[in-house]
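Note: the block below is query.pdb and it holds PDB, C-alpha atoms.
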MODEL        1
ATOM      1  CA  THR A   1       5.340   0.764  25.357  1.00  0.00           C
ATOM      2  CA  ALA A   2       6.623  -2.786  25.344  1.00  0.00           C
ATOM      3  CA  ARG A   3       7.070  -4.526  22.007  1.00  0.00           C
ATOM      4  CA  GLN A   4       5.393  -7.878  21.589  1.00  0.00           C
ATOM      5  CA  HIS A   5       6.264 -10.540  19.056  1.00  0.00           C
ATOM      6  CA  TYR A   6       3.748 -13.128  17.848  1.00  0.00           C
ATOM      7  CA  THR A   7       4.581 -16.154  15.708  1.00  0.00           C
ATOM      8  CA  GLY A   8       2.718 -19.104  14.283  1.00  0.00           C
ATOM      9  CA  ILE A   9      -0.447 -17.167  13.447  1.00  0.00           C
ATOM     10  CA  PRO A  10      -1.930 -18.361  10.142  1.00  0.00           C
ATOM     11  CA  LEU A  11      -2.198 -15.223   8.002  1.00  0.00           C
ATOM     12  CA  ARG A  12      -3.090 -14.466   4.438  1.00  0.00           C
ATOM     13  CA  GLN A  13      -3.258 -11.354   2.354  1.00  0.00           C
ATOM     14  CA  ASN A  14      -6.568 -10.286   0.855  1.00  0.00           C
ATOM     15  CA  ILE A  15      -5.278  -8.092  -1.968  1.00  0.00           C
ATOM     16  CA  TYR A  16      -8.775  -7.103  -3.148  1.00  0.00           C
ATOM     17  CA  ALA A  17      -9.834  -5.727   0.256  1.00  0.00           C
ATOM     18  CA  ASN A  18      -6.237  -4.732   1.180  1.00  0.00           C
ATOM     19  CA  GLU A  19      -6.490  -6.554   4.514  1.00  0.00           C
ATOM     20  CA  LYS A  20      -4.546  -9.188   6.393  1.00  0.00           C
ATOM     21  CA  GLU A  21      -6.738 -12.080   7.483  1.00  0.00           C
ATOM     22  CA  PHE A  22      -6.178 -14.683  10.192  1.00  0.00           C
ATOM     23  CA  ARG A  23      -8.083 -17.549  11.761  1.00  0.00           C
ATOM     24  CA  ASN A  24      -8.763 -17.803  15.464  1.00  0.00           C
ATOM     25  CA  GLN A  25      -8.383 -21.054  17.415  1.00  0.00           C
ATOM     26  CA  GLU A  26     -11.888 -22.136  16.385  1.00  0.00           C
ATOM     27  CA  GLY A  27     -10.988 -21.599  12.722  1.00  0.00           C
ATOM     28  CA  LYS A  28     -13.162 -18.528  12.187  1.00  0.00           C
ATOM     29  CA  PRO A  29     -11.694 -15.925   9.798  1.00  0.00           C
ATOM     30  CA  PHE A  30     -10.986 -12.396  11.034  1.00  0.00           C
ATOM     31  CA  PHE A  31      -9.077  -9.411   9.702  1.00  0.00           C
ATOM     32  CA  ILE A  32      -6.682  -7.216  11.644  1.00  0.00           C
ATOM     33  CA  GLY A  33      -8.906  -4.396  12.894  1.00  0.00           C
ATOM     34  CA  VAL A  34      -6.309  -1.817  14.032  1.00  0.00           C
ATOM     35  CA  PRO A  35      -3.314  -2.342  11.736  1.00  0.00           C
ATOM     36  CA  GLU A  36      -1.647   0.914  12.862  1.00  0.00           C
ATOM     37  CA  LEU A  37      -0.639  -0.863  16.100  1.00  0.00           C
ATOM     38  CA  ILE A  38       1.486  -3.394  14.206  1.00  0.00           C
ATOM     39  CA  GLU A  39       5.027  -2.439  13.179  1.00  0.00           C
ATOM     40  CA  TYR A  40       5.198  -5.088  10.454  1.00  0.00           C
ATOM     41  CA  ILE A  41       3.870  -8.490   9.402  1.00  0.00           C
ATOM     42  CA  LEU A  42       6.136 -11.197   8.053  1.00  0.00           C
ATOM     43  CA  ILE A  43       4.582 -13.804   5.746  1.00  0.00           C
ATOM     44  CA  GLY A  44       7.319 -16.093   4.516  1.00  0.00           C
ATOM     45  CA  GLU A  45      10.098 -13.752   3.391  1.00  0.00           C
ATOM     46  CA  GLU A  46       7.772 -10.827   2.631  1.00  0.00           C
ATOM     47  CA  ARG A  47       7.624  -7.976   5.134  1.00  0.00           C
ATOM     48  CA  PHE A  48       4.379  -6.006   5.061  1.00  0.00           C
ATOM     49  CA  ILE A  49       3.818  -2.590   6.587  1.00  0.00           C
ATOM     50  CA  TYR A  50       0.649  -0.556   6.920  1.00  0.00           C
ATOM     51  CA  SER A  51       1.157   2.946   5.597  1.00  0.00           C
ATOM     52  CA  PRO A  52      -0.700   6.050   4.520  1.00  0.00           C
ATOM     53  CA  PHE A  53      -0.413   6.697   0.783  1.00  0.00           C
ATOM     54  CA  LYS A  54      -1.513   9.387  -1.613  1.00  0.00           C
ATOM     55  CA  ILE A  55      -3.870   8.449  -4.414  1.00  0.00           C
ATOM     56  CA  ALA A  56      -5.294  11.181  -6.619  1.00  0.00           C
ATOM     57  CA  ASN A  57      -5.759  14.059  -4.159  1.00  0.00           C
ATOM     58  CA  ARG A  58      -6.648  12.027  -1.092  1.00  0.00           C
ATOM     59  CA  ILE A  59      -4.767  10.080   1.551  1.00  0.00           C
ATOM     60  CA  GLU A  60      -5.680   6.436   2.137  1.00  0.00           C
ATOM     61  CA  LYS A  61      -4.052   3.670   4.175  1.00  0.00           C
ATOM     62  CA  GLY A  62      -3.129   0.174   3.153  1.00  0.00           C
ATOM     63  CA  TYR A  63      -0.687  -2.702   3.237  1.00  0.00           C
ATOM     64  CA  PHE A  64       2.510  -2.651   1.224  1.00  0.00           C
ATOM     65  CA  THR A  65       5.381  -5.063   0.770  1.00  0.00           C
ATOM     66  CA  LEU A  66       8.560  -3.385   2.027  1.00  0.00           C
ATOM     67  CA  LEU A  67      11.150  -3.854  -0.735  1.00  0.00           C
ATOM     68  CA  ALA A  68      13.914  -1.486   0.434  1.00  0.00           C
ATOM     69  CA  ASN A  69      14.350   0.370   3.707  1.00  0.00           C
ATOM     70  CA  GLY A  70      16.450   3.326   4.746  1.00  0.00           C
ATOM     71  CA  LYS A  71      16.122   7.091   4.343  1.00  0.00           C
ATOM     72  CA  ALA A  72      13.476   6.243   1.751  1.00  0.00           C
ATOM     73  CA  GLN A  73      11.272   3.160   1.759  1.00  0.00           C
ATOM     74  CA  LEU A  74      10.426   1.397  -1.488  1.00  0.00           C
ATOM     75  CA  LEU A  75       6.957  -0.126  -1.219  1.00  0.00           C
ATOM     76  CA  GLU A  76       4.981  -2.438  -3.479  1.00  0.00           C
ATOM     77  CA  LYS A  77       1.196  -2.274  -3.584  1.00  0.00           C
ATOM     78  CA  LYS A  78      -0.163  -5.461  -5.093  1.00  0.00           C
ATOM     79  CA  ASN A  79      -3.278  -5.105  -7.197  1.00  0.00           C
ATOM     80  CA  VAL A  80      -6.087  -7.371  -8.283  1.00  0.00           C
ATOM     81  CA  THR A  81      -9.263  -6.864 -10.287  1.00  0.00           C
ATOM     82  CA  LEU A  82     -12.503  -8.800 -10.151  1.00  0.00           C
ATOM     83  CA  ARG A  83     -13.660 -10.122 -13.508  1.00  0.00           C
ATOM     84  CA  PRO A  84     -17.437 -10.471 -13.460  1.00  0.00           C
ATOM     85  CA  ALA A  85     -19.140 -13.792 -14.036  1.00  0.00           C
ATOM     86  CA  GLU A  86     -20.225 -14.659 -17.573  1.00  0.00           C
ATOM     87  CA  PRO A  87     -23.522 -16.460 -18.102  1.00  0.00           C
ATOM     88  CA  ALA A  88     -23.728 -19.644 -20.147  1.00  0.00           C
ATOM     89  CA  GLY A  89     -24.034 -19.037 -23.857  1.00  0.00           C
ATOM     90  CA  ALA A  90     -25.046 -21.051 -26.887  1.00  0.00           C
ATOM     91  CA  TYR A  91     -21.836 -23.092 -26.974  1.00  0.00           C
ATOM     92  CA  LYS A  92     -20.092 -22.141 -23.772  1.00  0.00           C
ATOM     93  CA  GLU A  93     -20.269 -22.966 -20.117  1.00  0.00           C
ATOM     94  CA  PRO A  94     -20.866 -20.213 -17.555  1.00  0.00           C
ATOM     95  CA  VAL A  95     -17.680 -18.661 -16.162  1.00  0.00           C
ATOM     96  CA  PRO A  96     -17.698 -17.729 -12.461  1.00  0.00           C
ATOM     97  CA  ALA A  97     -16.401 -14.358 -11.298  1.00  0.00           C
ATOM     98  CA  GLN A  98     -12.685 -14.515 -10.634  1.00  0.00           C
ATOM     99  CA  PHE A  99      -9.843 -12.408  -9.354  1.00  0.00           C
ATOM    100  CA  ARG A 100      -6.980 -11.534 -11.698  1.00  0.00           C
ATOM    101  CA  ARG A 101      -3.639 -10.198 -10.510  1.00  0.00           C
ATOM    102  CA  THR A 102      -2.667  -6.997 -12.275  1.00  0.00           C
ATOM    103  CA  ASP A 103       0.610  -5.112 -12.263  1.00  0.00           C
ATOM    104  CA  SER A 104       1.805  -3.853  -8.895  1.00  0.00           C
ATOM    105  CA  ASP A 105       2.234  -0.154  -8.165  1.00  0.00           C
ATOM    106  CA  TYR A 106       5.464   1.070  -6.574  1.00  0.00           C
ATOM    107  CA  TYR A 107       5.645   3.815  -3.982  1.00  0.00           C
ATOM    108  CA  ILE A 108       8.375   5.707  -2.159  1.00  0.00           C
ATOM    109  CA  ARG A 109       7.877   6.871   1.399  1.00  0.00           C
ATOM    110  CA  VAL A 110      10.140   9.262   3.263  1.00  0.00           C
ATOM    111  CA  LEU A 111       8.987   9.206   6.883  1.00  0.00           C
ATOM    112  CA  PRO A 112       6.888  10.786   8.290  1.00  0.00           C
ATOM    113  CA  ALA A 113       5.212  11.687   4.972  1.00  0.00           C
ATOM    114  CA  GLU A 114       2.771   9.396   3.211  1.00  0.00           C
ATOM    115  CA  ALA A 115       3.890   7.053   0.423  1.00  0.00           C
ATOM    116  CA  LYS A 116       3.651   8.398  -3.119  1.00  0.00           C
ATOM    117  CA  ARG A 117       3.478   6.435  -6.334  1.00  0.00           C
ATOM    118  CA  ILE A 118       6.588   6.355  -8.489  1.00  0.00           C
ATOM    119  CA  ARG A 119       6.430   5.744 -12.237  1.00  0.00           C
ATOM    120  CA  ASN A 120       9.404   7.717 -13.534  1.00  0.00           C
ATOM    121  CA  LYS A 121      12.493   9.749 -12.621  1.00  0.00           C
ATOM    122  CA  LYS A 122      10.498  13.001 -12.441  1.00  0.00           C
ATOM    123  CA  GLU A 123       8.121  11.572  -9.799  1.00  0.00           C
ATOM    124  CA  MET A 124      11.067  10.130  -7.883  1.00  0.00           C
ATOM    125  CA  THR A 125      12.746  13.556  -7.821  1.00  0.00           C
ATOM    126  CA  GLU A 126       9.489  15.198  -6.649  1.00  0.00           C
ATOM    127  CA  ILE A 127       9.222  12.710  -3.752  1.00  0.00           C
ATOM    128  CA  LEU A 128      12.872  12.793  -2.683  1.00  0.00           C
ATOM    129  CA  GLY A 129      13.316  16.538  -3.200  1.00  0.00           C
ATOM    130  CA  SER A 130      16.433  16.052  -5.279  1.00  0.00           C
ATOM    131  CA  ILE A 131      18.567  13.117  -6.205  1.00  0.00           C
ATOM    132  CA  PRO A 132      22.351  13.091  -5.948  1.00  0.00           C
ATOM    133  CA  ASP A 133      24.314  13.066  -9.211  1.00  0.00           C
ATOM    134  CA  GLU A 134      25.593   9.583  -8.298  1.00  0.00           C
ATOM    135  CA  VAL A 135      22.000   8.284  -8.372  1.00  0.00           C
ATOM    136  CA  ASP A 136      21.392   9.902 -11.750  1.00  0.00           C
ATOM    137  CA  ASP A 137      24.585   8.306 -13.100  1.00  0.00           C
ATOM    138  CA  PHE A 138      23.564   4.964 -11.543  1.00  0.00           C
ATOM    139  CA  MET A 139      20.174   5.063 -13.326  1.00  0.00           C
ATOM    140  CA  LYS A 140      21.794   5.855 -16.683  1.00  0.00           C
ATOM    141  CA  LYS A 141      24.508   3.200 -16.307  1.00  0.00           C
ATOM    142  CA  ASN A 142      22.029   0.501 -15.246  1.00  0.00           C
ATOM    143  CA  LYS A 143      19.255   1.618 -17.639  1.00  0.00           C
ATOM    144  CA  THR A 144      16.794   1.626 -14.732  1.00  0.00           C
ATOM    145  CA  LYS A 145      13.216   0.840 -15.696  1.00  0.00           C
ATOM    146  CA  PHE A 146      10.621   2.186 -13.283  1.00  0.00           C
ATOM    147  CA  SER A 147       8.218  -0.624 -14.183  1.00  0.00           C
ATOM    148  CA  LYS A 148      10.681  -3.360 -13.120  1.00  0.00           C
ATOM    149  CA  LYS A 149      10.582  -4.332  -9.460  1.00  0.00           C
ATOM    150  CA  GLU A 150      14.182  -5.603  -9.441  1.00  0.00           C
ATOM    151  CA  ASP A 151      15.498  -2.365 -10.997  1.00  0.00           C
ATOM    152  CA  LEU A 152      13.690  -0.264  -8.399  1.00  0.00           C
ATOM    153  CA  ILE A 153      14.975  -2.387  -5.506  1.00  0.00           C
ATOM    154  CA  ILE A 154      18.582  -2.043  -6.705  1.00  0.00           C
ATOM    155  CA  LEU A 155      18.113   1.696  -7.291  1.00  0.00           C
ATOM    156  CA  MET A 156      16.597   2.382  -3.861  1.00  0.00           C
ATOM    157  CA  GLU A 157      19.164   0.216  -2.060  1.00  0.00           C
ATOM    158  CA  TYR A 158      21.877   2.267  -3.808  1.00  0.00           C
ATOM    159  CA  TYR A 159      20.125   5.554  -2.944  1.00  0.00           C
ATOM    160  CA  ASN A 160      19.792   4.542   0.729  1.00  0.00           C
ATOM    161  CA  SER A 161      23.463   3.471   0.880  1.00  0.00           C
ATOM    162  CA  LEU A 162      24.479   7.081   0.226  1.00  0.00           C
ATOM    163  CA  PHE A 163      23.012   8.250   3.547  1.00  0.00           C
TER     164      PHE A 163
ENDMDL
END
Could you rewrite the structure in this file as structure tokens?
Amino acid sequence: TARQHYTGIPLRQNIYANEKEFRNQEGKPFFIGVPELIEYILIGEERFIYSPFKIANRIEKGYFTLLANGKAQLLEKKNVTLRPAEPAGAYKEPVPAQFRRTDSDYYIRVLPAEAKRIRNKKEMTEILGSIPDEVDDFMKKNKTKFSKKEDLIILMEYYNSLF
């Protein structure tokens, strides 16, 4: 199949619905209906991929920001919650419902398997099968924190450089 490249399409990410939205020439909003057909989406400097991922004991699909690529992909799943509206009170104005960004989740994907969430060294080892001693030494030397995006990017770039 021939690869096609499209540019100049106004896109935005709907984190709550985990969809990419665009406007047609008339300005009507749409979302990408068959995201599996798209290799990646570039919005600014962020590269998004659509991937299966494991959550609890089921497989779902969604958009991730690709943070590191190689033997293993490091993916970021952005999260948001909806705070419900608050009615007006005795001395306060009503507050409309609003979205609040929450901490991102980080996943590792080794193709062709689905992405799996990573929160610690044990989960990383389960996903990758085993980690080379150099990676273990690297994590100790750099005091890698699995909650820090920058630490995970550096770690996964190092891991991928070994292959």
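Between atom CA of Met139 of chain A and atom CA of Val110 of chain A the interatomic distance comes to 19.8 Å.
Interatomic distance, atom CA of Asp151 of chain A against atom CA of Leu74 of chain A: 11.4 Å.
Counting only C-alpha atoms and comparing A:Gln25, A:Ala72, A:Phe30, A:Lys145, the residue that lies closest to Gly129 of chain A is A:Ala72.
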Report task. Name all residues at most 10 Å from Ala113 of chain A (count all atoms listed in the file; drop same-chain ones fewer than 4 positions away) and give them as a ChimeraX atom specification. Result -> /A:51-54,108-109,127
Selection to disk with C-alpha atoms, as a JSON list (two decimals), in the frame of the given file:
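Once everything was written out, this is result-v3.json:
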[["chain", "number", "residue", "atom", "x", "y", "z"],
["A", 51, "SER", "CA", 1.16, 2.95, 5.60],
["A", 52, "PRO", "CA", -0.70, 6.05, 4.52],
["A", 53, "PHE", "CA", -0.41, 6.70, 0.78],
["A", 54, "LYS", "CA", -1.51, 9.39, -1.61],
["A", 108, "ILE", "CA", 8.38, 5.71, -2.16],
["A", 109, "ARG", "CA", 7.88, 6.87, 1.40],
["A", 127, "ILE", "CA", 9.22, 12.71, -3.75]]
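Distances here use all atoms listed in the file; by that measure, the residue among A:Leu152, A:Leu37, A:Leu111, A:Leu162 closest to Glu134 of chain A is A:Leu162.
Each of A:Glu126, A:Glu114, A:Asp105, A:Asp133 was compared to Phe146 of chain A using only C-alpha atoms, and A:Asp105 turns out to be the nearest.
The two atoms in question, atom CA of Arg117 of chain A and atom CA of Tyr16 of chain A, are spaced 18.5 Å apart.
If you measure from each of A:Glu21, A:Glu86, A:Glu76, A:Glu45 to Glu150 of chain A using only C-alpha atoms, the closest one turns out to be A:Glu76.
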Centre, edges in Å (one decimal): axis-aligned box, segment 11-26 of chain A, 6 Å padding on all six sides, as JSON:
{"center_x": -7.0, "center_y": -13.4, "center_z": 7.1, "size_x": 21.7, "size_y": 29.4, "size_z": 32.6}
Query raised in the report: In terms of the shortest atom-to-atom distance over only C-alpha atoms, which of A:Pro35, A:Pro87, A:Gly44, A:Gly62 is closest to Asn18 of chain A?
Result: A:Gly62
Closest-contact table, segment 2-59 of chain A side, partner segment 91-101 of chain A, 12 Å, counting only C-alpha atoms, as a Markdown table:
| residue | atom | partner | partner_atom | distance |
| --- | --- | --- | --- | --- |
| A:Asn14 | CA | A:Phe99 | CA | 10.9 |
| A:Ile15 | CA | A:Arg101 | CA | 8.9 |
| A:Tyr16 | CA | A:Phe99 | CA | 8.2 |
| A:Ala17 | CA | A:Phe99 | CA | 11.7 |
Selected residues written out with C-alpha atoms, as an mmCIF file, in the frame of the given file:
data_model
loop_
_atom_site.group_PDB
_atom_site.id
_atom_site.type_symbol
_atom_site.label_atom_id
_atom_site.label_comp_id
_atom_site.auth_asym_id
_atom_site.auth_seq_id
_atom_site.Cartn_x
_atom_site.Cartn_y
_atom_site.Cartn_z
ATOM 1 C CA ASN A 14 -6.568 -10.286 0.855
ATOM 2 C CA ILE A 15 -5.278 -8.092 -1.968
ATOM 3 C CA TYR A 16 -8.775 -7.103 -3.148
ATOM 4 C CA ALA A 17 -9.834 -5.727 0.256
#
Query raised in the report: Neighbours of Val135 of chain A within 12 Å (only C-alpha atoms; same-chain residues fewer than 6 positions away dropped), as JSON, numbers by chain?
Result: {"A": [121, 124, 125, 128, 141, 142, 143, 144, 152, 154, 155, 156, 157, 158, 159, 160, 161, 162, 163]}
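Among the candidates A:Gly89, A:Pro112, A:Pro10, A:Pro132, the residue lying nearest to Phe31 of chain A is A:Pro10 (atoms considered: all atoms listed in the file).
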Requested in this report: Decode the PyMOL selection byres ((chain A and resi 43) around 10) for the given file into explicit residues and return them as a count of residues only.
Outcome: 13
